[in-house]
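Asks: My structure is below; once you've seen it, I'll send some questions.
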Amino acid sequence: MPLHLAPSFRARLAASDRALIGMWACSGSPLVTEVAAGSGLDWLLIDMEHSANTLESVLLQLQVAAAYPISPLVRVAANDTVAIKQVLDLGAQNIIVPMVSSVAEAQAAVAATRYPPEGVRGVGSALARSARWNRVDRYLQESTEHTSLTVQIETAAGVDAAADIAAIDGIDAVFVGPSDLSASMGLLGQQTHPRVMTAVEHVFTAVQAAGKPVGVNAFDPVAADAYIAAGADFVAVGADVALLARASEALAARFITTEAPERASY
């Protein structure tokens, strides 16, 4: 019996009349990812670059997220052909590749996601969850319909090359990372500096002029609102580990005092 895969993130973006709102999954915990997957958010970014996620933990998170109406994306650790192949074969339909700063790097990412002759992805559909072990009809021939590729612009060089990167066939969306971008601009830790936000909006203009959707990472609600107003097609507004960190700090601040309690006198 043929099986059907969920719509790709590319299809979700094309069908939406508003910015799609998502969050990061960095804990590596399938339970935490399942909690986030049922939140009502549009998309969930499972991160392998700045977290302890492994192929096995990503697989488990993809499996639990599949029960919910959310689009999971997986950010691979690097623009590496083997890493991208393995994550696609796990059944990740939507890939984010970090630190893409040139046309050549973007073309390499596209090639890694496509079977020959368009690309160099290794063929293992009979062995892999991606094609549900050959239970998805014509997966090899139609794999590009089931997958999406987002590249992440995170450097000043990437900002300059944004229009050319977005114009490449096979790049489905561009995601801007203000954290590394601010560092690249000599403004480490200043993601909302006016120069950084201006650079982000420059990428918005360049990418959308090429007819592609563009997103941004913005944990600051004021910055997120500004980027949505500027036309962002998708925005990441939080992360599981950051939410837990801030909420646990708030509990400590609320219930723990460093002042010695007053003693009753008799």
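A note on labels: chains of the structure tokens are A, B, ... as shown, every chain counts residues from 1, and ligands are counted from 1 in their shown order.
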Could you name the residues that touch region 19-31 of chain A at 7 Å or less, counting only C-alpha atoms, but leaving out those on the same chain fewer than 4 positions away, as a list in words?
Replies: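 What passes the distance filter is Val35, Leu41, Asp42, Trp43, Leu44, Leu45, Ile46, Asp47, Ser51, Ala52, Asn53, Ser57, Leu60, Gln61, Val64, Ile228, Ala232, Asp233, Phe234, Val235, Ala236, Val237, Gly238, Ala239, Asp240 and Val241 of chain A.
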Asks: With only C-alpha atoms counted and 8 Å as the cut-off, give the residues of region 8-38 of chain A in contact with region 65-86 of chain A, each with its shortest interatomic distance in Å and the pair that gives it, as a tab-separated table.
Replies:
residue	atom	partner	partner_atom	distance
A:Ser8	CA	A:Ser71	CA	7.6
A:Phe9	CA	A:Ser71	CA	6.3
A:Thr33	CA	A:Ala65	CA	7.1
A:Glu34	CA	A:Ala65	CA	5.8
A:Ala37	CA	A:Ala65	CA	5.6
A:Gly38	CA	A:Tyr68	CA	6.0
Asks: I need the strand (DSSP E) residues of region 50-122 of chain A per DSSP on the backbone, written as a list in words.
Replies: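 Of region 50-122 of chain A, only Ser71, Pro72, Leu73, Val74, Arg75, Asn94, Ile95, Ile96 and Val97 of chain A fall in strand (DSSP E).
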Asks: Within region 7-244 of chain A, find each residue whose DSSP state, derived from the backbone, is alpha helix (DSSP H), and express the selection as an NGL selection string.
Replies: :A and (9-15 or 30-37 or 55-65 or 81-89 or 103-113 or 139-146 or 156-160 or 162-166 or 178-184 or 194-209 or 221-229 or 240-244)
Asks: Can those selected residues be exported to a file as a compact mmCIF listing (two decimals), in the first residue's frame so that it contains C-alpha atoms?
Replies:
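The result, stored in part_23.txt:
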# COMPACT_ATOMS: atom_id res chain seq x y z
CA PHE A 9 8.12 23.38 4.25
CA ARG A 10 8.29 24.95 0.79
CA ALA A 11 4.65 24.00 0.24
CA ARG A 12 3.64 25.28 3.68
CA LEU A 13 5.28 28.64 2.95
CA ALA A 14 3.62 28.91 -0.45
CA ALA A 15 0.19 28.20 1.03
CA PRO A 30 12.05 13.51 22.06
CA LEU A 31 9.69 14.26 24.96
CA VAL A 32 10.48 17.98 24.90
CA THR A 33 10.15 18.01 21.12
CA GLU A 34 6.76 16.32 21.36
CA VAL A 35 5.59 18.96 23.84
CA ALA A 36 6.72 21.68 21.43
CA ALA A 37 5.24 19.89 18.41
CA LEU A 55 21.34 11.04 14.12
CA GLU A 56 19.49 8.79 16.57
CA SER A 57 18.00 11.65 18.59
CA VAL A 58 16.95 13.45 15.40
CA LEU A 59 15.23 10.28 14.17
CA LEU A 60 13.27 9.96 17.41
CA GLN A 61 12.23 13.62 17.27
CA LEU A 62 11.08 13.32 13.66
CA GLN A 63 9.00 10.31 14.64
CA VAL A 64 7.25 12.02 17.55
CA ALA A 65 6.70 15.26 15.61
CA THR A 81 27.29 16.01 1.55
CA VAL A 82 27.42 12.94 3.79
CA ALA A 83 25.73 14.65 6.74
CA ILE A 84 22.93 15.95 4.51
CA LYS A 85 22.43 12.51 2.94
CA GLN A 86 22.17 10.83 6.34
CA VAL A 87 19.64 13.33 7.68
CA LEU A 88 17.52 13.10 4.53
CA ASP A 89 17.57 9.31 4.75
CA VAL A 103 26.95 30.84 -4.71
CA ALA A 104 29.37 27.90 -4.72
CA GLU A 105 28.42 26.92 -1.18
CA ALA A 106 24.71 27.19 -2.01
CA GLN A 107 25.15 25.06 -5.14
CA ALA A 108 26.96 22.41 -3.10
CA ALA A 109 24.03 22.28 -0.66
CA VAL A 110 21.57 21.85 -3.53
CA ALA A 111 23.64 19.05 -5.05
CA ALA A 112 23.74 17.23 -1.71
CA THR A 113 19.93 17.12 -1.55
CA TYR A 139 10.18 8.60 -4.31
CA LEU A 140 13.43 8.54 -6.28
CA GLN A 141 11.88 10.32 -9.26
CA GLU A 142 9.90 12.82 -7.17
CA SER A 143 12.11 13.34 -4.13
CA THR A 144 12.45 17.07 -4.78
CA GLU A 145 8.67 17.39 -4.39
CA HIS A 146 8.90 15.87 -0.91
CA ALA A 156 28.56 39.87 5.82
CA ALA A 157 29.73 38.05 2.69
CA GLY A 158 26.45 36.13 2.63
CA VAL A 159 24.50 39.37 2.87
CA ASP A 160 26.38 40.70 -0.17
CA ALA A 162 22.06 37.08 -0.98
CA ALA A 163 20.45 37.87 -4.34
CA ASP A 164 22.68 35.43 -6.24
CA ILE A 165 22.21 32.71 -3.62
CA ALA A 166 18.43 33.06 -3.66
CA PRO A 178 21.58 37.61 13.25
CA SER A 179 23.81 36.10 15.96
CA ASP A 180 26.64 35.03 13.68
CA LEU A 181 25.90 37.92 11.34
CA SER A 182 26.45 40.42 14.13
CA ALA A 183 29.77 38.74 14.94
CA SER A 184 30.77 38.86 11.28
CA PRO A 194 20.60 48.96 13.87
CA ARG A 195 23.35 47.97 11.40
CA VAL A 196 22.58 44.28 11.90
CA MET A 197 18.84 44.77 11.47
CA THR A 198 19.47 46.85 8.35
CA ALA A 199 21.60 44.02 6.93
CA VAL A 200 18.86 41.51 7.71
CA GLU A 201 16.28 43.63 5.92
CA HIS A 202 18.66 43.95 2.95
CA VAL A 203 18.60 40.15 2.72
CA PHE A 204 14.80 40.22 2.90
CA THR A 205 14.64 42.55 -0.09
CA ALA A 206 17.21 40.63 -2.14
CA VAL A 207 15.72 37.19 -1.50
CA GLN A 208 12.11 38.19 -2.07
CA ALA A 209 13.08 39.97 -5.29
CA PRO A 221 9.76 39.88 20.61
CA VAL A 222 10.26 43.50 19.57
CA ALA A 223 12.73 42.47 16.86
CA ALA A 224 10.46 39.60 15.77
CA ASP A 225 7.52 42.00 15.40
CA ALA A 226 9.71 44.39 13.40
CA TYR A 227 10.84 41.62 11.06
CA ILE A 228 7.29 40.39 10.55
CA ALA A 229 6.26 43.95 9.73
CA ASP A 240 13.20 24.89 24.14
CA VAL A 241 16.38 25.30 26.19
CA ALA A 242 16.08 29.10 26.31
CA LEU A 243 12.46 28.89 27.47
CA LEU A 244 13.43 26.48 30.24
Asks: Out of A:Val174, A:Met48, A:Ala167, A:Ala218, which residue has the shortest atom-to-atom distance to Thr192 (chain A) when counting only C-alpha atoms?
Replies: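 Ranked by minimum distance to Thr192 (chain A), first place goes to A:Ala218.
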Asks: Figure out the distance between CA of Gly215 (chain A) and CA of Ile96 (chain A), please, to one decimal in Å.
Replies: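 Between CA of Ile96 (chain A) and CA of Gly215 (chain A) the gap is 11.5 Å.
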Asks: When distances are computed from only C-alpha atoms, which of A:Val214, A:Gly122, A:Ala6, A:Ile168 shows the smallest separation from Ala92 (chain A)?
Replies: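 Of all the options, A:Ala6 lies closest to Ala92 (chain A).
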Asks: One decimal, in Å: what's the spacing between CA of Asp137 (chain A) and CA of Pro2 (chain A)?
Replies: 6.0 Å
Asks: Go through A:Leu3, A:Ala245, A:Ala173, A:Val120 and flag the residue nearest Ala210 (chain A), using only C-alpha atoms for the distances.
Replies: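 Ranking A:Leu3, A:Ala245, A:Ala173, A:Val120 by distance to Ala210 (chain A), first place goes to A:Ala173.
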